[in-house]
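Have a look at the structure below before the remarks.
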Amino acid sequence: MAKARVKVPKSVKKGQAFLVKTLISHKMETGLRKNKKTGKKIPRKIINKFVCTYDGKEVFSSDWHPAVSANPYLAFYVKATKSGPMNFKWTDDDGKVTKKSVKISVSG
Amino acid sequence: MRKSYQGIWTLAALAVAFSAFAVTGFAGEDKFGKYQVGELRTGYTYSTPETRAMQDDDFDNPAFLWVDEGEALWNKKEGKAGKSCASCHDNASASMRGVGARYPVYNKKLGKMQNLEQRINQERTEKMQAKPFKYESKQLLGLTMFVRNQSKDMPMSVSIDGPAIPFFDKGKKFYFQRRGQLDMACANCHVDNPGNMIRANRLSQGQSNGFPLYRLKWQKPGSLHRRFRGCNKQVRAKPYGYGSDEYVNLELYLAWRGRGLPVETPAVRM
Amino acid sequence: MADKLKPHTYERREVLALAGTGVIAVAGISLFPVTASADAAAVSKAVMKRIGDKSTKSGRITLELPQIAENGNTVPIGFEVDSPMTDSDYVKAVHIFAEKNPSPEVATFRFTPANGKAKVSTRMRLLKSQNIVAVAEMSDGSVYMVKKAVKVTIGGCGG
C-alpha cells in the first residue's frame with residue numbers, strides 16, 4: 001500500500017469551505033519509459049482515480065492520467081456540514097486501493 | 001540590417017540587467033534571509049518560487065512522506081537485540097538535535113570519517129543487531145532525513161580538527177581536482193560559476209546543507225552521494241561508490257565549506 | 001550572457017523570458033521518449049470527447065501556472081472557477097489538457113455543491129513549453145475554457 005498523507009483544519013465552522021490537502025507516494029509510471037538495459041517498455045502503472053467521501057456521500061473525485069506527477073499532490077475544498085469522518089480512496093491501474101480517513105470537527 | 005542588430009544588443013544589455021532579478025526573485029541582493037551567511041548561499045536561493053514553496057510547507061514537501069516512514073522506523077523494534085532507535089535515544093527531537101549539523105564525524109574505531117548514513121547503519125548492526133539499510137533505500141533515506149531534520153535551521157558546524165585533518169585535506173583535493181572526459185572539477189561549476197546557466201539549469205554553490213533532499217528530477221528523495229555520482233557521471237568521470245571514503249571525505253569538505261548555513265533537510269531542489 | 005540570440009527582432013518579453021531560462025535546451029533527460037506531441041488539434045479532439053459538440057465560452061475559470069517550470073516532471077497547477085456552488089448552480093467538472101504532451105489529457109476533476117469552492121491545486125508533468133487548456137463544465141450545461149502558456153526547462157546538467 002502506498003503511503004498517503006492528508007491535512008485538514010483542526011476544526012471548522014459549519015458552512016465554511018475548508019481546504020483539504022492530500023499527498024500520496026507513488027511512482028506514477030507513465031508507460032512511455034524504456035528499460036535502459038533491455039530496451040523493453042516499462043509498463044504503465046499509475047493511480048487513475050481519487051475519491052473523497054464525507055457526510056455519507058461522494059463529494060469530490062478525480063481521474064488521473066500519466067501526466068499527473070509522481071507522488072501526486074491534490075488540494076481541494078469541502079464545505080463543512082457535520083462532524084465525522086472524511087474518507088479518501090486512491091485506486092491503481094491494477095485495482096490496488098489505498099485508503100485514508102481523517103476526522104472533521106465542525107462547530108456551530 | 002544594422003538597425004535590427006542594434007536593437008538586439010540593447011535588448012541583450014537589458015536582459016543582462018534584468019536577469020539578475022530573474023535569477024533570484026528576491027527583492028535586492030543580500031535579502032536571502034536565513035538562506036545566506038556572508039558569501040554563502042544555499043540552493044534554496046537559486047530555486048524558482050514554486051520549488052521554494054514546495055519546500056516551505058512541511059505538508060507540500062513530498063520528502064515528508066519518507067520522513068514519516070523514518071519516524072516510524074525510529075520507533076520500530078528490530079533486530080536480535082529487540083530494540084528500536086527510541087529504546088536508547090528516546091525522543092529524537094531532543095536526542096538528535098544538533099547531530100545532523102555536525103556530521104561527518106571522525107570515528108576512532110574505524111580510523112576514518114563517518115557520515116550520518118553510516119552511523120545509522122552502525123547503530124543498527126552493533127546496538128540493535130539488525131541488518132543495515134542499503135543506500136538510497138526508502139528506509140535509510142527516511143531515517144537519515146528524519147534524524148537530520150531534527151537539526152533544521154541549526155547552523156552547519158563540522159569539525160575539521162585533529163584526526164579529521166588528513167581526511168579534510170583529501171576531500172578538499174577532490175573538490176578542486178579535474179576529472180573525467182570533460183576534465184572538470186567541482187570548483188569549476190560551484191566556485192567559478194554559481195548563478196550562471198549550464199545548458200538550461202542554473203548552477204548553485206553546490207552546498208550540502210539540505211541533503212538528503214527531494215529532487216524533482218529524481219521524483220523521490222536522494223542522498224548527497226547520489227548527487228556526487230550524478231555530477232561525476234555528467235563530466236564523464238567514473239563515479240565512486242555510495243559510502244566510499246572518497247565521497248565521505250568530500251562530504252566533510254562540503255560541510256566545512258557550507259559552515260554556518262542552516263540545515264534544510266529535507267530540501268526540495270530541481 | 002553567452003546565450004545566442006537569433007537574428008530577428010525580439011520582443012522585450014521574449015528576451016526577459018529567455019534570460020530567465022537561459023534558452024531552453026533540446027536534448028536531455030525526459031520522462032517521455034522522443035515521440036510526437038499532441039498539439040492543438042489533438043487537444044480540441046480530446047476536449048470534444050469530454051464535453052461533446054458544445055461551444056466553449058471564455059471567462060469564469062482562471063489558471064495558475066509558474067512562469068517558468070524548473071523541471072517538467074513536477075509543474076504546479078492551480079485553477080479556480082467562479083461559481084456559487086449551490087444545488088442549482090455549480091461546477092460539474094473541470095478537465096485539464098496539455099497541448100504538447102505525448103497525449104493531451106492530464107486530469108479531470110468532478111465537483112458537487114458539497115465542495116463549496118471549485119478551487120484545486122495539483123502537480124503535473126509537461127514534456128516541453130506549451131499551452132495548458134482548462135475546460136469547466138457547469139451544471140446548466142454551459143462550458144467555459146481558458147488557455148495559458150507555461151515555459152518548461154528541459155535538458156540541464158543535473159546529474
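Starting from 1 in every chain, residues are counted up; chains themselves are A, B, ... following the order of the C-alpha cells, and ligands are numbered from 1 as listed.
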
**Prompt:** Leu116 (chain B): which residues within 12 Å, counting only C-alpha atoms, same-chain residues fewer than 4 positions away excluded, as a VMD selection string?
**Reply:** chain B and resid 96 99 to 107 120 to 123 135 140 to 141 143 to 148 211 to 212 223 to 225 243 248 251 to 252

**Request:** Mind checking which residues fall within 8 Å of Ala107 (chain C), counting only C-alpha atoms, ignoring those fewer than 2 positions away in the same chain, and posting them as a VMD selection string?
**Result:** (chain A and resid 62 to 65 67 to 68) or (chain C and resid 95 to 97 105 109)

Writer output for current selection, N, CA and C atoms, as an mmCIF file, in the first residue's frame:
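Result written to out37.cif:
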```
data_model
loop_
_atom_site.group_PDB
_atom_site.id
_atom_site.type_symbol
_atom_site.label_atom_id
_atom_site.label_comp_id
_atom_site.auth_asym_id
_atom_site.auth_seq_id
_atom_site.Cartn_x
_atom_site.Cartn_y
_atom_site.Cartn_z
ATOM 1 N N SER A 62 -11.519 12.523 -8.821
ATOM 2 C CA SER A 62 -10.612 12.968 -9.885
ATOM 3 C C SER A 62 -10.108 11.774 -10.674
ATOM 4 N N ASP A 63 -10.070 11.915 -12.004
ATOM 5 C CA ASP A 63 -9.487 10.900 -12.873
ATOM 6 C C ASP A 63 -8.095 11.377 -13.247
ATOM 7 N N TRP A 64 -7.092 10.508 -13.042
ATOM 8 C CA TRP A 64 -5.719 10.903 -13.340
ATOM 9 C C TRP A 64 -5.182 10.160 -14.548
ATOM 10 N N HIS A 65 -4.366 10.860 -15.324
ATOM 11 C CA HIS A 65 -3.670 10.275 -16.470
ATOM 12 C C HIS A 65 -2.169 10.313 -16.179
ATOM 13 N N ALA A 67 0.081 12.065 -17.038
ATOM 14 C CA ALA A 67 0.666 13.405 -16.910
ATOM 15 C C ALA A 67 0.572 13.966 -15.496
ATOM 16 N N VAL A 68 -0.031 13.217 -14.588
ATOM 17 C CA VAL A 68 -0.035 13.661 -13.188
ATOM 18 C C VAL A 68 1.319 13.281 -12.605
ATOM 19 N N HIS C 95 -11.691 19.825 -16.771
ATOM 20 C CA HIS C 95 -10.746 18.948 -17.472
ATOM 21 C C HIS C 95 -9.495 19.751 -17.827
ATOM 22 N N ILE C 96 -8.343 19.139 -17.592
ATOM 23 C CA ILE C 96 -7.078 19.815 -17.901
ATOM 24 C C ILE C 96 -6.387 19.090 -19.054
ATOM 25 N N PHE C 97 -5.885 19.881 -20.020
ATOM 26 C CA PHE C 97 -5.180 19.319 -21.165
ATOM 27 C C PHE C 97 -3.842 20.022 -21.358
ATOM 28 N N GLU C 105 -4.470 14.566 -22.367
ATOM 29 C CA GLU C 105 -5.230 14.606 -21.117
ATOM 30 C C GLU C 105 -4.335 14.556 -19.896
ATOM 31 N N PHE C 109 -11.466 16.675 -12.885
ATOM 32 C CA PHE C 109 -11.894 16.859 -11.507
ATOM 33 C C PHE C 109 -13.403 17.000 -11.485
#
```

**Message:** Calculated over only C-alpha atoms, which of the candidates B:Gln219, B:Gln234, B:Asn188, B:Ser157 has the smallest distance to Gly206 (chain B)?
**Reply:**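 Result for the nearest residue to Gly206 (chain B): B:Asn188.
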
**Message:** I'd like the neighbourhood of region 32-40 of chain B as a VMD selection string, where a residue qualifies if any of its atoms comes within 7 Å (using only C-alpha atoms), though same-chain residues fewer than 3 positions away should be ignored.
**Reply:** chain B and resid 26 44 to 45 258 260 to 262

Go ahead and write the selection's residues with N, CA and C atoms as a PDB file, in the first residue's frame.
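Just written: part.pdb:
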```pdb
ATOM      1  N   PHE B  26      14.272  37.412  -5.394  1.00  0.00           N
ATOM      2  CA  PHE B  26      14.258  38.107  -4.111  1.00  0.00           C
ATOM      3  C   PHE B  26      14.406  39.598  -4.360  1.00  0.00           C
ATOM      4  N   TYR B  44      18.487  26.881  -2.057  1.00  0.00           N
ATOM      5  CA  TYR B  44      17.158  27.486  -1.988  1.00  0.00           C
ATOM      6  C   TYR B  44      17.124  28.811  -2.742  1.00  0.00           C
ATOM      7  N   THR B  45      18.216  29.574  -2.631  1.00  0.00           N
ATOM      8  CA  THR B  45      18.236  30.909  -3.216  1.00  0.00           C
ATOM      9  C   THR B  45      18.395  30.882  -4.730  1.00  0.00           C
ATOM     10  N   GLY B 258      30.258  24.853   3.721  1.00  0.00           N
ATOM     11  CA  GLY B 258      28.944  25.456   3.954  1.00  0.00           C
ATOM     12  C   GLY B 258      28.713  25.792   5.419  1.00  0.00           C
ATOM     13  N   GLY B 260      27.923  27.279   8.837  1.00  0.00           N
ATOM     14  CA  GLY B 260      27.093  28.430   9.164  1.00  0.00           C
ATOM     15  C   GLY B 260      25.754  28.411   8.460  1.00  0.00           C
ATOM     16  N   LEU B 261      25.669  27.744   7.313  1.00  0.00           N
ATOM     17  CA  LEU B 261      24.385  27.676   6.610  1.00  0.00           C
ATOM     18  C   LEU B 261      23.438  26.787   7.406  1.00  0.00           C
ATOM     19  N   PRO B 262      22.141  27.077   7.356  1.00  0.00           N
ATOM     20  CA  PRO B 262      21.194  26.291   8.157  1.00  0.00           C
ATOM     21  C   PRO B 262      20.931  24.931   7.537  1.00  0.00           C
TER      22      PRO B 262
END
```

Using only C-alpha atoms, what does the table of chain C residues within 7 Å of chain A look like, with each row giving the shortest atom pair and its distance in Å to one decimal, sorted by chain and ascending number, as JSON lines?
```
{"residue": "C:Leu31", "atom": "CA", "partner": "A:Arg33", "partner_atom": "CA", "distance": 6.5}
{"residue": "C:Phe32", "atom": "CA", "partner": "A:Leu32", "partner_atom": "CA", "distance": 5.8}
{"residue": "C:Pro33", "atom": "CA", "partner": "A:Arg33", "partner_atom": "CA", "distance": 6.6}
{"residue": "C:Asn73", "atom": "CA", "partner": "A:Ser69", "partner_atom": "CA", "distance": 6.1}
{"residue": "C:Thr74", "atom": "CA", "partner": "A:Ser69", "partner_atom": "CA", "distance": 5.6}
{"residue": "C:Glu105", "atom": "CA", "partner": "A:His65", "partner_atom": "CA", "distance": 6.5}
{"residue": "C:Val106", "atom": "CA", "partner": "A:Ala67", "partner_atom": "CA", "distance": 5.0}
{"residue": "C:Ala107", "atom": "CA", "partner": "A:Trp64", "partner_atom": "CA", "distance": 4.7}
{"residue": "C:Thr108", "atom": "CA", "partner": "A:Asp63", "partner_atom": "CA", "distance": 5.1}
{"residue": "C:Phe109", "atom": "CA", "partner": "A:Ser62", "partner_atom": "CA", "distance": 4.4}
{"residue": "C:Arg110", "atom": "CA", "partner": "A:Ser61", "partner_atom": "CA", "distance": 5.2}
{"residue": "C:Phe111", "atom": "CA", "partner": "A:Phe60", "partner_atom": "CA", "distance": 5.2}
{"residue": "C:Thr112", "atom": "CA", "partner": "A:Val59", "partner_atom": "CA", "distance": 5.7}
{"residue": "C:Ala114", "atom": "CA", "partner": "A:Lys79", "partner_atom": "CA", "distance": 5.5}
{"residue": "C:Asn115", "atom": "CA", "partner": "A:Val78", "partner_atom": "CA", "distance": 4.0}
{"residue": "C:Gly116", "atom": "CA", "partner": "A:Lys79", "partner_atom": "CA", "distance": 4.9}
{"residue": "C:Lys117", "atom": "CA", "partner": "A:Tyr77", "partner_atom": "CA", "distance": 5.8}
{"residue": "C:Lys119", "atom": "CA", "partner": "A:Phe76", "partner_atom": "CA", "distance": 5.9}
{"residue": "C:Val120", "atom": "CA", "partner": "A:Phe76", "partner_atom": "CA", "distance": 4.7}
{"residue": "C:Ser121", "atom": "CA", "partner": "A:Ala75", "partner_atom": "CA", "distance": 5.1}
{"residue": "C:Thr122", "atom": "CA", "partner": "A:Leu74", "partner_atom": "CA", "distance": 4.7}
{"residue": "C:Arg123", "atom": "CA", "partner": "A:Ser69", "partner_atom": "CA", "distance": 5.6}
{"residue": "C:Met124", "atom": "CA", "partner": "A:Val68", "partner_atom": "CA", "distance": 4.4}
{"residue": "C:Arg125", "atom": "CA", "partner": "A:Ala67", "partner_atom": "CA", "distance": 4.8}
```

Residue subset to file, keeping N, CA and C atoms, as a PDB file, in the first residue's frame:
```pdb
ATOM      1  N   LEU C  31      11.062  12.163 -19.084  1.00  0.00           N
ATOM      2  CA  LEU C  31      10.188  11.072 -18.698  1.00  0.00           C
ATOM      3  C   LEU C  31       9.607  10.446 -19.951  1.00  0.00           C
ATOM      4  N   PHE C  32       9.359  11.303 -20.933  1.00  0.00           N
ATOM      5  CA  PHE C  32       8.748  10.852 -22.169  1.00  0.00           C
ATOM      6  C   PHE C  32       9.827  10.703 -23.229  1.00  0.00           C
ATOM      7  N   PRO C  33       9.831   9.631 -23.972  1.00  0.00           N
ATOM      8  CA  PRO C  33      10.805   9.499 -25.047  1.00  0.00           C
ATOM      9  C   PRO C  33      10.465  10.469 -26.156  1.00  0.00           C
ATOM     10  N   ASN C  73       8.848  17.580 -14.826  1.00  0.00           N
ATOM     11  CA  ASN C  73       8.114  16.448 -14.273  1.00  0.00           C
ATOM     12  C   ASN C  73       7.298  16.811 -13.043  1.00  0.00           C
ATOM     13  N   THR C  74       7.449  18.019 -12.545  1.00  0.00           N
ATOM     14  CA  THR C  74       6.643  18.451 -11.391  1.00  0.00           C
ATOM     15  C   THR C  74       6.309  19.925 -11.567  1.00  0.00           C
ATOM     16  N   GLU C 105      -4.470  14.566 -22.367  1.00  0.00           N
ATOM     17  CA  GLU C 105      -5.230  14.606 -21.117  1.00  0.00           C
ATOM     18  C   GLU C 105      -4.335  14.556 -19.896  1.00  0.00           C
ATOM     19  N   VAL C 106      -4.598  15.432 -18.950  1.00  0.00           N
ATOM     20  CA  VAL C 106      -3.846  15.468 -17.700  1.00  0.00           C
ATOM     21  C   VAL C 106      -4.705  14.895 -16.582  1.00  0.00           C
ATOM     22  N   ALA C 107      -5.853  15.522 -16.349  1.00  0.00           N
ATOM     23  CA  ALA C 107      -6.747  15.044 -15.291  1.00  0.00           C
ATOM     24  C   ALA C 107      -8.132  15.648 -15.451  1.00  0.00           C
ATOM     25  N   THR C 108      -9.103  14.991 -14.826  1.00  0.00           N
ATOM     26  CA  THR C 108     -10.470  15.506 -14.749  1.00  0.00           C
ATOM     27  C   THR C 108     -10.846  15.588 -13.290  1.00  0.00           C
ATOM     28  N   PHE C 109     -11.466  16.675 -12.885  1.00  0.00           N
ATOM     29  CA  PHE C 109     -11.894  16.859 -11.507  1.00  0.00           C
ATOM     30  C   PHE C 109     -13.403  17.000 -11.485  1.00  0.00           C
ATOM     31  N   ARG C 110     -14.072  16.169 -10.675  1.00  0.00           N
ATOM     32  CA  ARG C 110     -15.529  16.207 -10.623  1.00  0.00           C
ATOM     33  C   ARG C 110     -15.981  16.791  -9.297  1.00  0.00           C
ATOM     34  N   PHE C 111     -16.791  17.834  -9.394  1.00  0.00           N
ATOM     35  CA  PHE C 111     -17.243  18.552  -8.203  1.00  0.00           C
ATOM     36  C   PHE C 111     -18.708  18.276  -7.910  1.00  0.00           C
ATOM     37  N   THR C 112     -19.102  18.605  -6.680  1.00  0.00           N
ATOM     38  CA  THR C 112     -20.511  18.606  -6.284  1.00  0.00           C
ATOM     39  C   THR C 112     -20.727  19.897  -5.500  1.00  0.00           C
ATOM     40  N   ALA C 114     -21.316  20.164  -2.614  1.00  0.00           N
ATOM     41  CA  ALA C 114     -20.690  19.956  -1.303  1.00  0.00           C
ATOM     42  C   ALA C 114     -19.257  20.475  -1.220  1.00  0.00           C
ATOM     43  N   ASN C 115     -18.666  20.855  -2.365  1.00  0.00           N
ATOM     44  CA  ASN C 115     -17.300  21.385  -2.323  1.00  0.00           C
ATOM     45  C   ASN C 115     -17.245  22.812  -1.778  1.00  0.00           C
ATOM     46  N   GLY C 116     -18.291  23.568  -2.028  1.00  0.00           N
ATOM     47  CA  GLY C 116     -18.277  24.950  -1.544  1.00  0.00           C
ATOM     48  C   GLY C 116     -17.450  25.874  -2.423  1.00  0.00           C
ATOM     49  N   LYS C 117     -16.361  25.380  -2.934  1.00  0.00           N
ATOM     50  CA  LYS C 117     -15.487  26.176  -3.801  1.00  0.00           C
ATOM     51  C   LYS C 117     -14.926  25.255  -4.877  1.00  0.00           C
ATOM     52  N   LYS C 119     -12.012  25.059  -6.446  1.00  0.00           N
ATOM     53  CA  LYS C 119     -10.618  25.525  -6.497  1.00  0.00           C
ATOM     54  C   LYS C 119      -9.719  24.341  -6.175  1.00  0.00           C
ATOM     55  N   VAL C 120      -8.752  24.074  -7.050  1.00  0.00           N
ATOM     56  CA  VAL C 120      -7.917  22.884  -6.931  1.00  0.00           C
ATOM     57  C   VAL C 120      -6.457  23.224  -7.189  1.00  0.00           C
ATOM     58  N   SER C 121      -5.553  22.537  -6.487  1.00  0.00           N
ATOM     59  CA  SER C 121      -4.119  22.623  -6.800  1.00  0.00           C
ATOM     60  C   SER C 121      -3.586  21.211  -6.955  1.00  0.00           C
ATOM     61  N   THR C 122      -2.719  21.036  -7.950  1.00  0.00           N
ATOM     62  CA  THR C 122      -2.074  19.738  -8.108  1.00  0.00           C
ATOM     63  C   THR C 122      -0.754  19.945  -8.853  1.00  0.00           C
ATOM     64  N   ARG C 123      -0.102  18.842  -9.216  1.00  0.00           N
ATOM     65  CA  ARG C 123       1.189  18.946  -9.917  1.00  0.00           C
ATOM     66  C   ARG C 123       1.151  18.028 -11.128  1.00  0.00           C
ATOM     67  N   MET C 124       1.670  18.522 -12.259  1.00  0.00           N
ATOM     68  CA  MET C 124       1.610  17.719 -13.479  1.00  0.00           C
ATOM     69  C   MET C 124       2.959  17.646 -14.176  1.00  0.00           C
ATOM     70  N   ARG C 125       3.001  16.732 -15.144  1.00  0.00           N
ATOM     71  CA  ARG C 125       4.217  16.537 -15.937  1.00  0.00           C
ATOM     72  C   ARG C 125       4.027  17.191 -17.293  1.00  0.00           C
TER      73      ARG C 125
END
```

**Message:** Could you go through region 67-150 of chain C and tell me which residues DSSP, when run on the backbone, assigns to strand (DSSP E), listing them as an NGL selection string?
**Reply:** :C and (68-69 or 75-81 or 91-98 or 105-111 or 118-124 or 130-138 or 143-150)

Written selection (N, CA and C atoms) as a short mmCIF file (atom, residue, chain, number, x, y, z; two decimals), in the first residue's frame:
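Result file is selection-v9.cif:
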```cif
data_model
loop_
_atom_site.label_atom_id
_atom_site.label_comp_id
_atom_site.auth_asym_id
_atom_site.auth_seq_id
_atom_site.Cartn_x
_atom_site.Cartn_y
_atom_site.Cartn_z
N ILE C 68 8.03 30.01 -15.27
CA ILE C 68 8.98 29.04 -15.79
C ILE C 68 9.00 27.84 -14.86
N ALA C 69 8.78 26.66 -15.41
CA ALA C 69 8.81 25.43 -14.61
C ALA C 69 10.25 24.93 -14.60
N VAL C 75 5.24 20.19 -12.27
CA VAL C 75 4.83 21.57 -12.53
C VAL C 75 3.55 21.85 -11.74
N PRO C 76 3.59 22.76 -10.77
CA PRO C 76 2.36 23.05 -10.00
C PRO C 76 1.32 23.72 -10.88
N ILE C 77 0.08 23.30 -10.73
CA ILE C 77 -1.01 23.93 -11.48
C ILE C 77 -2.19 24.13 -10.53
N GLY C 78 -2.81 25.28 -10.64
CA GLY C 78 -3.99 25.56 -9.85
C GLY C 78 -5.06 26.17 -10.73
N PHE C 79 -6.32 25.96 -10.37
CA PHE C 79 -7.38 26.64 -11.10
C PHE C 79 -8.49 26.97 -10.12
N GLU C 80 -9.29 27.96 -10.50
CA GLU C 80 -10.47 28.31 -9.71
C GLU C 80 -11.58 28.71 -10.68
N VAL C 81 -12.79 28.22 -10.39
CA VAL C 81 -13.93 28.57 -11.21
C VAL C 81 -14.86 29.46 -10.39
N VAL C 91 -20.23 23.83 -10.43
CA VAL C 91 -19.32 23.30 -11.44
C VAL C 91 -19.40 21.78 -11.38
N LYS C 92 -19.64 21.17 -12.51
CA LYS C 92 -19.72 19.70 -12.53
C LYS C 92 -18.34 19.06 -12.68
N ALA C 93 -17.57 19.61 -13.61
CA ALA C 93 -16.26 19.01 -13.85
C ALA C 93 -15.32 20.02 -14.49
N VAL C 94 -14.03 19.81 -14.22
CA VAL C 94 -13.00 20.59 -14.89
C VAL C 94 -12.01 19.60 -15.51
N HIS C 95 -11.69 19.83 -16.77
CA HIS C 95 -10.75 18.95 -17.47
C HIS C 95 -9.49 19.75 -17.83
N ILE C 96 -8.34 19.14 -17.59
CA ILE C 96 -7.08 19.81 -17.90
C ILE C 96 -6.39 19.09 -19.05
N PHE C 97 -5.88 19.88 -20.02
CA PHE C 97 -5.18 19.32 -21.16
C PHE C 97 -3.84 20.02 -21.36
N ALA C 98 -2.87 19.25 -21.88
CA ALA C 98 -1.56 19.82 -22.19
C ALA C 98 -1.32 19.62 -23.68
N GLU C 105 -4.47 14.57 -22.37
CA GLU C 105 -5.23 14.61 -21.12
C GLU C 105 -4.34 14.56 -19.90
N VAL C 106 -4.60 15.43 -18.95
CA VAL C 106 -3.85 15.47 -17.70
C VAL C 106 -4.71 14.89 -16.58
N ALA C 107 -5.85 15.52 -16.35
CA ALA C 107 -6.75 15.04 -15.29
C ALA C 107 -8.13 15.65 -15.45
N THR C 108 -9.10 14.99 -14.83
CA THR C 108 -10.47 15.51 -14.75
C THR C 108 -10.85 15.59 -13.29
N PHE C 109 -11.47 16.68 -12.89
CA PHE C 109 -11.89 16.86 -11.51
C PHE C 109 -13.40 17.00 -11.49
N ARG C 110 -14.07 16.17 -10.68
CA ARG C 110 -15.53 16.21 -10.62
C ARG C 110 -15.98 16.79 -9.30
N PHE C 111 -16.79 17.83 -9.39
CA PHE C 111 -17.24 18.55 -8.20
C PHE C 111 -18.71 18.28 -7.91
N ALA C 118 -14.89 25.73 -6.11
CA ALA C 118 -14.29 24.92 -7.18
C ALA C 118 -12.88 25.43 -7.39
N LYS C 119 -12.01 25.06 -6.45
CA LYS C 119 -10.62 25.52 -6.50
C LYS C 119 -9.72 24.34 -6.18
N VAL C 120 -8.75 24.07 -7.05
CA VAL C 120 -7.92 22.88 -6.93
C VAL C 120 -6.46 23.22 -7.19
N SER C 121 -5.55 22.54 -6.49
CA SER C 121 -4.12 22.62 -6.80
C SER C 121 -3.59 21.21 -6.96
N THR C 122 -2.72 21.04 -7.95
CA THR C 122 -2.07 19.74 -8.11
C THR C 122 -0.75 19.94 -8.85
N ARG C 123 -0.10 18.84 -9.22
CA ARG C 123 1.19 18.95 -9.92
C ARG C 123 1.15 18.03 -11.13
N MET C 124 1.67 18.52 -12.26
CA MET C 124 1.61 17.72 -13.48
C MET C 124 2.96 17.65 -14.18
N GLN C 130 4.58 24.82 -23.44
CA GLN C 130 3.32 24.60 -24.19
C GLN C 130 2.18 25.35 -23.54
N ASN C 131 1.02 25.22 -24.19
CA ASN C 131 -0.21 25.79 -23.63
C ASN C 131 -0.93 24.74 -22.80
N ILE C 132 -1.48 25.19 -21.69
CA ILE C 132 -2.35 24.35 -20.88
C ILE C 132 -3.77 24.83 -21.09
N VAL C 133 -4.67 23.90 -21.30
CA VAL C 133 -6.08 24.24 -21.53
C VAL C 133 -6.91 23.66 -20.40
N ALA C 134 -7.79 24.50 -19.83
CA ALA C 134 -8.70 24.02 -18.79
C ALA C 134 -10.13 24.29 -19.24
N VAL C 135 -10.96 23.26 -19.12
CA VAL C 135 -12.35 23.36 -19.55
C VAL C 135 -13.26 23.07 -18.37
N ALA C 136 -14.18 24.00 -18.08
CA ALA C 136 -15.10 23.83 -16.95
C ALA C 136 -16.51 23.59 -17.44
N GLU C 137 -17.11 22.48 -16.99
CA GLU C 137 -18.50 22.17 -17.34
C GLU C 137 -19.40 22.56 -16.18
N MET C 138 -20.40 23.37 -16.47
CA MET C 138 -21.31 23.83 -15.42
C MET C 138 -22.57 22.98 -15.35
N VAL C 143 -20.26 25.69 -20.93
CA VAL C 143 -18.86 25.27 -20.84
C VAL C 143 -17.95 26.49 -20.99
N TYR C 144 -16.98 26.60 -20.08
CA TYR C 144 -16.02 27.71 -20.13
C TYR C 144 -14.61 27.16 -20.31
N MET C 145 -13.79 27.93 -21.04
CA MET C 145 -12.45 27.45 -21.34
C MET C 145 -11.42 28.55 -21.12
N VAL C 146 -10.23 28.13 -20.67
CA VAL C 146 -9.12 29.08 -20.55
C VAL C 146 -7.85 28.39 -21.04
N LYS C 147 -6.95 29.18 -21.62
CA LYS C 147 -5.70 28.63 -22.13
C LYS C 147 -4.56 29.49 -21.62
N LYS C 148 -3.51 28.85 -21.14
CA LYS C 148 -2.37 29.64 -20.62
C LYS C 148 -1.06 28.95 -20.98
N ALA C 149 -0.05 29.75 -21.31
CA ALA C 149 1.24 29.19 -21.69
C ALA C 149 2.14 29.04 -20.48
N VAL C 150 2.99 28.02 -20.51
CA VAL C 150 3.98 27.85 -19.46
C VAL C 150 5.29 27.41 -20.11
#
```

**Item:** A:Asn87, A:Ser105, A:Asn35, A:Ser25 ranked by distance to chain B, top pick (using only C-alpha atoms)
**Value:** A:Ser25

**Request:** Tell me which of B:Trp66, B:Ile198, B:Leu250, B:Asp153 sits closest to chain A, counting only C-alpha atoms.
**Result:**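 Between B:Trp66, B:Ile198, B:Leu250, B:Asp153, the residue approaching chain A most closely is B:Trp66.
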
**Message:** Under the rule that only C-alpha atoms are counted, which of B:Asn196, B:Asn149, B:Cys189, B:Arg257 is the nearest residue to Ala94 (chain B)?
**Reply:**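 Of the candidates, the smallest distance to Ala94 (chain B) is held by B:Asn149.
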
**Prompt:** Between CA of Pro239 (chain B) and CA of Phe174 (chain B), what is the spacing in Å?
**Reply:** 12.4 Å

**Message:** Quick check: residues of chain B within 9 Å of chain A, only C-alpha atoms, returned as number ranges by chain.
**Reply:** B: 59-60, 62, 65-66, 69, 219-220

Could you write those residues out with C-alpha atoms, as a PDB file, in the first residue's frame?
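See out19.pdb below for the written result:
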```pdb
ATOM      1  CA  PHE B  59       2.921  19.048   4.050  1.00  0.00           C
ATOM      2  CA  ASP B  60       3.513  20.148   0.472  1.00  0.00           C
ATOM      3  CA  PRO B  62       6.902  15.272  -0.778  1.00  0.00           C
ATOM      4  CA  LEU B  65       6.277  11.006   3.026  1.00  0.00           C
ATOM      5  CA  TRP B  66       9.686   9.411   3.573  1.00  0.00           C
ATOM      6  CA  GLU B  69       8.486   6.411   7.411  1.00  0.00           C
ATOM      7  CA  GLN B 219      10.932  12.249  -8.323  1.00  0.00           C
ATOM      8  CA  LYS B 220      11.988  10.964  -4.938  1.00  0.00           C
TER       9      LYS B 220
END
```

**Message:** Between CA of Met156 (chain B) and CA of Trp218 (chain B), what is the distance in Å, rounded to a tenth?
**Reply:**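 For CA of Met156 (chain B) relative to CA of Trp218 (chain B), the distance reads 25.3 Å.
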
**Request:** Would you list, as a PyMOL selection string, the residues of region 33-137 of chain C that end up in alpha helix (DSSP H) under DSSP run on this structure's backbone?
**Result:** chain C and resi 39-51

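CA of Thr86 (chain C) to CA of Pro113 (chain C) spans 5.3 Å [interatomic distance, one decimal].
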
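Each of A:Val97, A:Ile42, A:Met86, A:Ile104 was checked against Gly56 (chain A) using only C-alpha atoms; the smallest atom-to-atom distance is that of A:Met86.
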
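If only C-alpha atoms are the atoms counted, then among C:Glu99, C:Asp39, C:Glu70, C:Asp89 the closest residue to chain B is C:Glu70.
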